Amino acid sequence: MRKIGSVFWQLLFPRVCPVCGEILKKKLTEGEEPPFICPACYAKLQFVGENGCMKCSRPIPEEDEYCEDCKKRKLVFDRGRSLLLHDENARKILYDLKYRNCRDNADFIGCEIAAQMGDSLRIWNVDALIPVPLHPRRQLQRGYNQAERIAESISYWGKQLYGLSLPVVCNVLFRTAYTRPQKELGAGDREVNLRSVFRAELPETLKRVVLVDDIFTSGSTLSACAEALKMAGAERVFFLTGSIVP
Ligand SMILES: [Zn+2]
Ligand SMILES: [Zn+2]
């Protein structure tokens with residue numbers, strides 16, 4: 001039944017490439033399988049890979065271990081990885097996911113993160129994925145949390161591709177204040193703006209967790225979330241994001 005439903009769904013709403021918008025040609029019975037992007041656009045994407053900063057994954061000169069930013073600042077998360085450099089293609093995929101209701105774009109980001117970072121997830125040995133929460137009012141306006149959509153896709157594909165058990169846990173980290181969009185603020189204001197915005201209540205079973213968000217800009221949001229989680233008893237906090245601003 002689900003399959004028949006899915007066939008009709010695809011006739012009505014064919015999956016399109018998140019970059020160029022072309023309809024992705026595939027057999028109707030393939031359902032929610034990749035590819036989630038056309039080959040030409042995939043070839044244009046800039047993947048971050050695993051040779052960047054040991055803490056934030058940002059690309060750095062080969063001889064360095066950490067980026068200038070991580071050397072200077074105290075970011076509370078332990079380490080993390082991002083999928084894409086935030087160039088114009090990444091910006092389009094994530095902007096459309098966040099503001100234009102293109103929820104399918106999370107399938108591409110999550111599947112690709114799982115495919116490329118399954119080894120890191122296994123080494124980190126984490127108990128759960130925790131999406132960075134929106135304020136309830138903003139989530140109501142948007143109808144969904146883009147970070148949660150990405151986390152669900154990582155969880156699904158982590159299981160399919162690597163047999164990893166990565167439950168998405170949404171009821172342990174809360175955004176308690178309604179903040180102005182980060183992009184309207186300078187870096188200094190961001191830290192102030194974000195302090196005490198997040199609160200966490202963590203069960204005993206969650207000690208090693210991965211924060212999931214769409215974009216790593218300054219790292220302040222992820223650091224504030226990590227701080228709240230560590231205050232609530234987390235021992236290790238990692239992160240995965242769709243893109244990172246170089
Ligand atoms: Zn395309
Ligand atoms: Zn760094």
# chains A, B, ... in the order shown; residues from 1 in each chain; ligands from 1
call {"tool": "residues_near_ligand", "arguments": {"ligand": "ligand 2", "cutoff": "9 Å", "atoms": "only C-alpha atoms and all ligand atoms", "output": "compact mmCIF listing (two decimals) with all heavy atoms, in the first residue's frame"}}
result
# COMPACT_ATOMS: atom_id res chain seq x y z
N GLY A 52 40.33 18.57 7.40
CA GLY A 52 40.30 19.95 7.89
C GLY A 52 40.65 20.06 9.36
O GLY A 52 41.29 19.18 9.93
N CYS A 53 40.23 21.16 9.96
CA CYS A 53 40.46 21.43 11.39
C CYS A 53 39.98 20.25 12.24
O CYS A 53 38.90 19.72 12.02
CB CYS A 53 39.72 22.70 11.78
SG CYS A 53 39.67 23.01 13.54
N MET A 54 40.80 19.83 13.20
CA MET A 54 40.49 18.67 14.04
C MET A 54 39.26 18.91 14.91
O MET A 54 38.70 17.97 15.48
CB MET A 54 41.66 18.38 14.98
CG MET A 54 42.94 18.02 14.29
SD MET A 54 43.03 16.28 13.94
CE MET A 54 43.30 15.63 15.58
N LYS A 55 38.87 20.17 15.03
CA LYS A 55 37.72 20.45 15.89
C LYS A 55 36.46 20.76 15.07
O LYS A 55 35.42 20.17 15.29
CB LYS A 55 38.04 21.64 16.80
CG LYS A 55 36.93 21.98 17.75
CD LYS A 55 37.44 22.48 19.07
CE LYS A 55 36.27 22.82 19.96
NZ LYS A 55 36.57 22.65 21.36
N CYS A 56 36.57 21.68 14.10
CA CYS A 56 35.36 22.13 13.39
C CYS A 56 35.28 21.62 11.95
O CYS A 56 34.27 21.82 11.31
CB CYS A 56 35.26 23.65 13.42
SG CYS A 56 36.40 24.48 12.30
N SER A 57 36.36 21.03 11.42
CA SER A 57 36.42 20.44 10.07
C SER A 57 36.66 21.44 8.95
O SER A 57 36.81 21.07 7.79
CB SER A 57 35.15 19.62 9.75
OG SER A 57 34.09 20.44 9.26
N ARG A 58 36.72 22.73 9.28
CA ARG A 58 36.96 23.77 8.26
C ARG A 58 38.30 23.49 7.55
O ARG A 58 39.26 23.09 8.20
CB ARG A 58 37.03 25.10 9.01
CG ARG A 58 36.90 26.31 8.18
CD ARG A 58 36.89 27.55 9.07
NE ARG A 58 35.55 27.96 9.46
CZ ARG A 58 35.20 28.32 10.69
NH1 ARG A 58 36.06 28.28 11.67
NH2 ARG A 58 33.97 28.69 10.95
N PRO A 59 38.35 23.69 6.23
CA PRO A 59 39.62 23.45 5.51
C PRO A 59 40.74 24.36 6.03
O PRO A 59 40.51 25.54 6.27
CB PRO A 59 39.28 23.80 4.06
CG PRO A 59 37.79 23.71 3.97
CD PRO A 59 37.27 24.09 5.32
N ILE A 60 41.93 23.79 6.21
CA ILE A 60 43.08 24.53 6.71
C ILE A 60 44.34 24.06 5.98
O ILE A 60 44.31 23.01 5.34
CB ILE A 60 43.29 24.30 8.23
CG1 ILE A 60 43.17 22.81 8.57
CG2 ILE A 60 42.33 25.12 9.06
CD1 ILE A 60 43.58 22.46 9.97
N GLU A 65 46.82 21.76 12.63
CA GLU A 65 45.85 20.83 13.22
C GLU A 65 44.49 21.50 13.42
O GLU A 65 43.45 20.87 13.27
CB GLU A 65 46.37 20.34 14.58
CG GLU A 65 47.26 19.13 14.47
CD GLU A 65 47.59 18.55 15.83
OE1 GLU A 65 47.79 19.32 16.79
OE2 GLU A 65 47.63 17.33 15.93
N TYR A 66 44.55 22.78 13.80
CA TYR A 66 43.32 23.52 14.10
C TYR A 66 43.27 24.80 13.27
O TYR A 66 44.30 25.35 12.91
CB TYR A 66 43.26 23.87 15.59
CG TYR A 66 43.18 22.65 16.47
CD1 TYR A 66 44.32 22.14 17.08
CD2 TYR A 66 41.96 21.99 16.67
CE1 TYR A 66 44.26 21.00 17.87
CE2 TYR A 66 41.90 20.85 17.46
CZ TYR A 66 43.04 20.36 18.05
OH TYR A 66 42.97 19.23 18.82
N CYS A 67 42.05 25.26 13.00
CA CYS A 67 41.90 26.52 12.28
C CYS A 67 42.16 27.68 13.24
O CYS A 67 42.15 27.50 14.46
CB CYS A 67 40.51 26.63 11.65
SG CYS A 67 39.16 26.88 12.83
N GLU A 68 42.38 28.86 12.70
CA GLU A 68 42.68 30.05 13.52
C GLU A 68 41.57 30.30 14.53
O GLU A 68 41.82 30.66 15.67
CB GLU A 68 42.87 31.28 12.63
CG GLU A 68 44.12 31.23 11.76
CD GLU A 68 45.38 30.95 12.56
OE1 GLU A 68 45.59 31.59 13.61
OE2 GLU A 68 46.16 30.05 12.15
N ASP A 69 40.35 30.10 14.09
CA ASP A 69 39.20 30.38 14.96
C ASP A 69 39.16 29.44 16.17
O ASP A 69 38.96 29.87 17.30
CB ASP A 69 37.91 30.23 14.12
CG ASP A 69 36.79 31.05 14.70
OD1 ASP A 69 37.07 32.19 15.14
OD2 ASP A 69 35.64 30.57 14.72
N CYS A 70 39.39 28.16 15.92
CA CYS A 70 39.36 27.19 17.03
C CYS A 70 40.55 27.35 17.97
O CYS A 70 40.48 27.00 19.14
CB CYS A 70 39.29 25.76 16.49
SG CYS A 70 37.68 25.36 15.80
N LYS A 71 41.66 27.90 17.45
CA LYS A 71 42.81 28.17 18.32
C LYS A 71 42.48 29.29 19.29
O LYS A 71 42.92 29.30 20.43
CB LYS A 71 44.03 28.58 17.48
CG LYS A 71 44.77 27.42 16.84
CD LYS A 71 45.99 27.94 16.08
CE LYS A 71 46.36 27.02 14.95
NZ LYS A 71 47.21 27.68 13.95
N ARG A 79 34.14 17.91 18.83
CA ARG A 79 34.52 18.06 17.44
C ARG A 79 33.33 17.74 16.56
O ARG A 79 32.31 17.25 17.03
CB ARG A 79 35.73 17.20 17.07
CG ARG A 79 35.46 15.70 16.96
CD ARG A 79 36.71 14.96 16.55
NE ARG A 79 37.20 15.43 15.23
CZ ARG A 79 38.31 14.96 14.65
NH1 ARG A 79 39.04 14.05 15.24
NH2 ARG A 79 38.68 15.39 13.46
call {"tool": "residues_near_ligand", "arguments": {"ligand": "ligand 1", "cutoff": "8 Å", "atoms": "only C-alpha atoms and all ligand atoms", "output": "list in words"}}
result
Val16, Cys17, Pro18, Val19, Cys20, Gly21, Glu22, Ile37, Cys38, Pro39, Ala40, Cys41 and Tyr42 of chain A
call {"tool": "select_by_dssp", "arguments": {"residues": "stretch 7-167 of chain A", "states": "alpha helix (DSSP H)", "output": "ChimeraX atom specification"}}
result
/A:7-12,39-44,68-72,88-99,105-124,136-142,146-162
call {"tool": "closest_residue", "arguments": {"among": "A:Thr205, A:Asn105, A:Met117, A:Phe239", "to": "A:Arg91", "atoms": "only C-alpha atoms"}}
result
A:Asn105
call {"tool": "residues_around", "arguments": {"residues": "A:Gly233", "least_positions_apart": "6", "cutoff": "9 Å", "atoms": "only C-alpha atoms", "output": "PyMOL selection string"}}
result
chain A and resi 201-204+206-207
call {"tool": "write_last_selection", "arguments": {"atoms": "C-alpha atoms", "output": "CSV table (one decimal), in the first residue's frame"}}
result
chain,number,residue,atom,x,y,z
A,201,GLU,CA,17.4,17.7,30.4
A,202,LEU,CA,19.3,14.6,29.6
A,203,PRO,CA,18.5,11.0,30.7
A,204,GLU,CA,21.3,8.9,32.2
A,206,LEU,CA,22.6,9.7,26.8
A,207,LYS,CA,26.3,10.4,27.4
call {"tool": "closest_residue", "arguments": {"among": "A:Ser155, A:Asn89, A:Thr217, A:Gln139", "to": "A:Gly118", "atoms": "only C-alpha atoms"}}
result
A:Ser155
call {"tool": "closest_residue", "arguments": {"among": "A:Val212, A:Leu83, A:Leu75, A:Glu235", "to": "A:Gln46", "atoms": "only C-alpha atoms"}}
result
A:Leu83
call {"tool": "select_by_dssp", "arguments": {"residues": "stretch 80-183 of chain A", "states": "strand (DSSP E or B)", "output": "PyMOL selection string"}}
result
chain A and resi 80-85+128-131+168+173-175
call {"tool": "write_last_selection", "arguments": {"atoms": "N, CA, C and O atoms", "output": "compact mmCIF listing (two decimals), in the first residue's frame"}}
result
# COMPACT_ATOMS: atom_id res chain seq x y z
N GLY A 80 33.48 18.00 15.27
CA GLY A 80 32.37 17.71 14.38
C GLY A 80 32.79 17.79 12.93
O GLY A 80 33.94 18.12 12.63
N ARG A 81 31.88 17.46 12.06
CA ARG A 81 32.15 17.51 10.63
C ARG A 81 31.00 18.15 9.88
O ARG A 81 29.84 18.03 10.29
N SER A 82 31.34 18.78 8.78
CA SER A 82 30.33 19.38 7.91
C SER A 82 30.46 18.75 6.53
O SER A 82 31.56 18.38 6.12
N LEU A 83 29.34 18.69 5.84
CA LEU A 83 29.34 18.02 4.55
C LEU A 83 29.92 18.89 3.44
O LEU A 83 30.80 18.47 2.70
N LEU A 84 29.38 20.10 3.31
CA LEU A 84 29.70 20.95 2.16
C LEU A 84 30.32 22.27 2.57
O LEU A 84 29.98 22.81 3.63
N LEU A 85 31.18 22.79 1.70
CA LEU A 85 31.58 24.19 1.87
C LEU A 85 30.38 25.04 1.49
O LEU A 85 29.68 24.74 0.53
N ALA A 128 22.90 9.09 20.42
CA ALA A 128 21.73 9.72 19.79
C ALA A 128 22.11 10.93 18.96
O ALA A 128 23.20 11.50 19.12
N LEU A 129 21.21 11.30 18.05
CA LEU A 129 21.31 12.54 17.28
C LEU A 129 20.35 13.55 17.90
O LEU A 129 19.18 13.21 18.15
N ILE A 130 20.83 14.76 18.14
CA ILE A 130 19.97 15.79 18.73
C ILE A 130 19.94 17.00 17.79
O ILE A 130 20.95 17.69 17.64
N PRO A 131 18.79 17.25 17.12
CA PRO A 131 18.71 18.41 16.24
C PRO A 131 18.76 19.70 17.06
O PRO A 131 18.19 19.75 18.16
N VAL A 168 16.86 9.72 16.77
CA VAL A 168 16.76 11.19 16.82
C VAL A 168 15.98 11.55 18.08
O VAL A 168 14.85 11.11 18.25
N LEU A 173 16.60 18.92 24.43
CA LEU A 173 17.26 20.22 24.29
C LEU A 173 16.21 21.24 23.86
O LEU A 173 15.48 21.01 22.90
N PHE A 174 16.17 22.36 24.58
CA PHE A 174 15.11 23.33 24.34
C PHE A 174 15.67 24.72 24.12
O PHE A 174 16.64 25.11 24.74
N ARG A 175 15.02 25.43 23.20
CA ARG A 175 15.38 26.83 22.99
C ARG A 175 14.35 27.64 23.77
O ARG A 175 13.17 27.63 23.44
call {"tool": "atom_distance", "arguments": {"atom1": "atom CA of A:Lys159", "atom2": "atom CA of A:Ala115"}}
result
10.5 Å
call {"tool": "residues_around", "arguments": {"residues": "A:Gln146", "least_positions_apart": "2", "cutoff": "10 Å", "atoms": "only C-alpha atoms", "output": "PyMOL selection string"}}
result
chain A and resi 94+97-99+101-103+105-106+131-134+139+142-144+148-152+212-214
call {"tool": "write_last_selection", "arguments": {"atoms": "N, CA and C atoms", "output": "tab-separated table (two decimals), in the first residue's frame"}}
result
chain	number	residue	atom	x	y	z
A	94	LEU	N	20.38	24.61	1.14
A	94	LEU	CA	20.00	24.79	2.54
A	94	LEU	C	19.02	25.94	2.73
A	97	LEU	N	15.68	24.54	1.79
A	97	LEU	CA	15.21	23.65	2.86
A	97	LEU	C	14.63	24.45	4.02
A	98	LYS	N	15.30	25.55	4.32
A	98	LYS	CA	14.92	26.31	5.52
A	98	LYS	C	13.73	27.24	5.26
A	99	TYR	N	13.75	27.93	4.13
A	99	TYR	CA	12.77	29.00	3.92
A	99	TYR	C	11.76	28.75	2.81
A	101	ASN	N	10.36	25.60	2.01
A	101	ASN	CA	9.58	24.38	2.20
A	101	ASN	C	10.06	23.20	1.35
A	102	CYS	N	11.31	23.24	0.90
A	102	CYS	CA	11.85	22.12	0.11
A	102	CYS	C	12.39	21.06	1.07
A	103	ARG	N	11.48	20.33	1.69
A	103	ARG	CA	11.89	19.40	2.75
A	103	ARG	C	12.68	18.23	2.20
A	105	ASN	N	15.12	18.31	0.36
A	105	ASN	CA	16.55	18.60	0.34
A	105	ASN	C	17.26	17.97	1.54
A	106	ALA	N	16.53	17.77	2.63
A	106	ALA	CA	17.13	17.14	3.80
A	106	ALA	C	17.49	15.68	3.52
A	131	PRO	N	18.79	17.25	17.12
A	131	PRO	CA	18.71	18.41	16.24
A	131	PRO	C	18.76	19.70	17.06
A	132	VAL	N	19.43	20.72	16.55
A	132	VAL	CA	19.38	22.03	17.20
A	132	VAL	C	17.94	22.52	17.12
A	133	PRO	N	17.34	22.82	18.25
A	133	PRO	CA	15.91	23.16	18.24
A	133	PRO	C	15.65	24.59	17.76
A	134	LEU	N	14.49	24.78	17.17
A	134	LEU	CA	13.98	26.13	16.89
A	134	LEU	C	13.17	26.56	18.10
A	139	GLN	N	9.07	27.34	14.95
A	139	GLN	CA	8.75	26.03	14.37
A	139	GLN	C	7.30	26.00	13.91
A	142	ARG	N	7.13	27.88	10.60
A	142	ARG	CA	7.74	27.17	9.48
A	142	ARG	C	7.07	25.82	9.23
A	143	GLY	N	6.52	25.23	10.27
A	143	GLY	CA	5.84	23.95	10.13
A	143	GLY	C	6.75	22.76	10.37
A	144	TYR	N	8.05	22.98	10.42
A	144	TYR	CA	9.00	21.91	10.67
A	144	TYR	C	10.34	22.52	11.06
A	148	GLU	N	15.92	18.92	12.27
A	148	GLU	CA	15.28	17.64	12.60
A	148	GLU	C	15.13	16.78	11.35
A	149	ARG	N	14.76	17.41	10.24
A	149	ARG	CA	14.63	16.67	8.98
A	149	ARG	C	15.96	16.06	8.56
A	150	ILE	N	17.03	16.83	8.71
A	150	ILE	CA	18.36	16.31	8.36
A	150	ILE	C	18.73	15.15	9.29
A	151	ALA	N	18.47	15.33	10.59
A	151	ALA	CA	18.81	14.29	11.57
A	151	ALA	C	18.05	12.99	11.26
A	152	GLU	N	16.78	13.12	10.89
A	152	GLU	CA	16.00	11.92	10.57
A	152	GLU	C	16.58	11.19	9.37
A	212	VAL	N	22.86	18.10	15.46
A	212	VAL	CA	22.69	18.21	14.00
A	212	VAL	C	22.10	19.57	13.68
A	213	ASP	N	22.71	20.27	12.72
A	213	ASP	CA	22.17	21.56	12.29
A	213	ASP	C	22.39	21.70	10.78
A	214	ASP	N	21.75	22.71	10.19
A	214	ASP	CA	21.90	22.88	8.74
A	214	ASP	C	23.25	23.53	8.39
call {"tool": "residues_around", "arguments": {"residues": "A:Ala228", "least_positions_apart": "2", "cutoff": "10 Å", "atoms": "only C-alpha atoms", "output": "PyMOL selection string"}}
result
chain A and resi 76+173-174+195-202+222-226+230-234
call {"tool": "write_last_selection", "arguments": {"atoms": "all heavy atoms", "output": "compact mmCIF listing (two decimals), in the first residue's frame"}}
result
# COMPACT_ATOMS: atom_id res chain seq x y z
N VAL A 76 32.58 24.79 22.91
CA VAL A 76 32.35 23.76 23.94
C VAL A 76 32.18 22.36 23.35
O VAL A 76 32.47 21.37 24.01
CB VAL A 76 31.14 24.15 24.82
CG1 VAL A 76 30.89 23.11 25.89
CG2 VAL A 76 31.37 25.51 25.47
N LEU A 173 16.60 18.92 24.43
CA LEU A 173 17.26 20.22 24.29
C LEU A 173 16.21 21.24 23.86
O LEU A 173 15.48 21.01 22.90
CB LEU A 173 18.38 20.11 23.24
CG LEU A 173 19.20 21.37 22.95
CD1 LEU A 173 19.97 21.84 24.18
CD2 LEU A 173 20.18 21.10 21.80
N PHE A 174 16.17 22.36 24.58
CA PHE A 174 15.11 23.33 24.34
C PHE A 174 15.67 24.72 24.12
O PHE A 174 16.64 25.11 24.74
CB PHE A 174 14.15 23.38 25.55
CG PHE A 174 13.69 22.03 25.99
CD1 PHE A 174 14.38 21.34 26.99
CD2 PHE A 174 12.60 21.42 25.39
CE1 PHE A 174 13.98 20.07 27.39
CE2 PHE A 174 12.19 20.15 25.78
CZ PHE A 174 12.88 19.48 26.78
N ARG A 195 23.81 32.98 24.93
CA ARG A 195 24.03 32.47 26.29
C ARG A 195 22.69 32.32 26.99
O ARG A 195 21.86 33.18 26.93
CB ARG A 195 24.94 33.41 27.08
CG ARG A 195 26.38 33.20 26.71
CD ARG A 195 27.31 33.51 27.88
NE ARG A 195 28.42 32.58 27.91
CZ ARG A 195 28.52 31.59 28.78
NH1 ARG A 195 27.61 31.40 29.69
NH2 ARG A 195 29.55 30.78 28.75
N SER A 196 22.51 31.19 27.61
CA SER A 196 21.29 30.90 28.36
C SER A 196 20.03 30.80 27.49
O SER A 196 18.92 30.84 27.98
CB SER A 196 21.07 31.89 29.50
OG SER A 196 20.62 33.12 28.98
N VAL A 197 20.23 30.71 26.18
CA VAL A 197 19.08 30.51 25.30
C VAL A 197 18.65 29.04 25.31
O VAL A 197 17.48 28.72 25.18
CB VAL A 197 19.43 30.95 23.86
CG1 VAL A 197 18.45 30.37 22.86
CG2 VAL A 197 19.44 32.46 23.77
N PHE A 198 19.64 28.15 25.51
CA PHE A 198 19.35 26.72 25.45
C PHE A 198 19.36 26.10 26.85
O PHE A 198 20.14 26.48 27.71
CB PHE A 198 20.38 26.01 24.56
CG PHE A 198 20.32 26.45 23.14
CD1 PHE A 198 21.20 27.41 22.64
CD2 PHE A 198 19.35 25.93 22.28
CE1 PHE A 198 21.13 27.84 21.33
CE2 PHE A 198 19.28 26.36 20.96
CZ PHE A 198 20.16 27.31 20.49
N ARG A 199 18.50 25.13 27.02
CA ARG A 199 18.41 24.40 28.27
C ARG A 199 18.27 22.93 27.91
O ARG A 199 17.62 22.60 26.91
CB ARG A 199 17.17 24.87 29.04
CG ARG A 199 16.97 24.26 30.41
CD ARG A 199 15.74 24.91 31.08
NE ARG A 199 14.51 24.73 30.28
CZ ARG A 199 13.78 23.62 30.27
NH1 ARG A 199 14.11 22.59 30.99
NH2 ARG A 199 12.69 23.54 29.52
N ALA A 200 18.89 22.04 28.70
CA ALA A 200 18.82 20.61 28.38
C ALA A 200 18.44 19.79 29.60
O ALA A 200 18.77 20.15 30.73
CB ALA A 200 20.15 20.13 27.82
N GLU A 201 17.73 18.73 29.35
CA GLU A 201 17.45 17.71 30.38
C GLU A 201 17.76 16.37 29.74
O GLU A 201 17.06 15.95 28.82
CB GLU A 201 15.97 17.74 30.78
CG GLU A 201 15.60 18.88 31.68
CD GLU A 201 14.09 19.02 31.79
OE1 GLU A 201 13.38 18.00 31.63
OE2 GLU A 201 13.63 20.15 32.01
N LEU A 202 18.83 15.74 30.22
CA LEU A 202 19.32 14.55 29.55
C LEU A 202 19.12 13.32 30.42
O LEU A 202 19.52 13.32 31.58
CB LEU A 202 20.83 14.75 29.27
CG LEU A 202 21.41 14.34 27.94
CD1 LEU A 202 20.59 14.83 26.78
CD2 LEU A 202 22.84 14.84 27.84
N LEU A 222 26.06 26.04 18.04
CA LEU A 222 26.41 24.66 18.41
C LEU A 222 27.15 24.63 19.75
O LEU A 222 26.94 23.74 20.56
CB LEU A 222 27.27 24.03 17.31
CG LEU A 222 26.50 23.71 16.03
CD1 LEU A 222 27.44 23.54 14.86
CD2 LEU A 222 25.65 22.45 16.21
N SER A 223 27.98 25.64 19.98
CA SER A 223 28.72 25.70 21.25
C SER A 223 27.75 25.93 22.42
O SER A 223 27.90 25.30 23.47
CB SER A 223 29.76 26.81 21.18
OG SER A 223 30.55 26.81 22.35
N ALA A 224 26.79 26.81 22.23
CA ALA A 224 25.82 27.07 23.30
C ALA A 224 24.98 25.82 23.58
O ALA A 224 24.68 25.51 24.74
CB ALA A 224 24.92 28.24 22.89
N CYS A 225 24.62 25.10 22.54
CA CYS A 225 23.87 23.84 22.71
C CYS A 225 24.73 22.82 23.45
O CYS A 225 24.26 22.13 24.36
CB CYS A 225 23.46 23.26 21.36
SG CYS A 225 22.17 24.16 20.54
N ALA A 226 26.01 22.72 23.06
CA ALA A 226 26.91 21.76 23.69
C ALA A 226 27.08 22.09 25.17
O ALA A 226 27.14 21.19 26.01
CB ALA A 226 28.26 21.77 22.97
N LYS A 230 26.24 19.56 28.15
CA LYS A 230 27.27 19.12 29.11
C LYS A 230 26.86 19.46 30.54
O LYS A 230 27.13 18.68 31.46
CB LYS A 230 28.63 19.73 28.75
CG LYS A 230 29.20 19.10 27.48
CD LYS A 230 30.67 19.33 27.28
CE LYS A 230 31.16 18.48 26.11
NZ LYS A 230 32.59 18.60 25.85
N MET A 231 26.21 20.60 30.70
CA MET A 231 25.70 20.93 32.04
C MET A 231 24.68 19.91 32.49
O MET A 231 24.50 19.65 33.69
CB MET A 231 25.06 22.32 32.03
CG MET A 231 26.07 23.40 31.73
SD MET A 231 26.11 24.76 32.89
CE MET A 231 24.44 25.26 33.06
N ALA A 232 23.99 19.31 31.51
CA ALA A 232 22.95 18.32 31.84
C ALA A 232 23.52 16.90 31.92
O ALA A 232 22.76 15.93 32.06
CB ALA A 232 21.83 18.38 30.79
N GLY A 233 24.84 16.76 31.78
CA GLY A 233 25.46 15.44 32.00
C GLY A 233 26.08 14.76 30.80
O GLY A 233 26.60 13.65 30.92
N ALA A 234 26.04 15.41 29.62
CA ALA A 234 26.69 14.79 28.45
C ALA A 234 28.20 14.78 28.63
O ALA A 234 28.77 15.76 29.12
CB ALA A 234 26.32 15.55 27.18
call {"tool": "closest_residue", "arguments": {"among": "A:Glu63, A:Asp87, A:Glu227, A:Glu50", "to": "A:Leu194", "atoms": "only C-alpha atoms"}}
result
A:Glu227
call {"tool": "atom_distance", "arguments": {"atom1": "atom CA of A:Phe77", "atom2": "atom CA of A:Asp104"}}
result
28.4 Å
call {"tool": "residues_around", "arguments": {"residues": "A:Gly110", "least_positions_apart": "2", "cutoff": "6 Å", "atoms": "only C-alpha atoms", "output": "PyMOL selection string"}}
result
chain A and resi 106-108+112-113+150+153-154
call {"tool": "write_last_selection", "arguments": {"atoms": "C-alpha atoms", "output": "PDB file, in the first residue's frame"}}
result
ATOM      1  CA  ALA A 106      17.129  17.137   3.805  1.00  0.00           C
ATOM      2  CA  ASP A 107      17.082  13.637   2.264  1.00  0.00           C
ATOM      3  CA  PHE A 108      20.063  14.502   0.104  1.00  0.00           C
ATOM      4  CA  GLU A 112      25.249  12.060   1.952  1.00  0.00           C
ATOM      5  CA  ILE A 113      26.348  12.770   5.536  1.00  0.00           C
ATOM      6  CA  ILE A 150      18.359  16.306   8.357  1.00  0.00           C
ATOM      7  CA  SER A 153      17.622  11.336   7.214  1.00  0.00           C
ATOM      8  CA  ILE A 154      21.059  10.689   8.807  1.00  0.00           C
TER       9      ILE A 154
END
call {"tool": "closest_residue", "arguments": {"among": "A:Lys44, A:Pro35, A:Phe238, A:Asp78", "to": "A:Cys111", "atoms": "only C-alpha atoms"}}
result
A:Pro35
call {"tool": "atom_distance", "arguments": {"atom1": "atom CA of A:Cys170", "atom2": "atom CA of A:Leu229"}}
result
12.7 Å
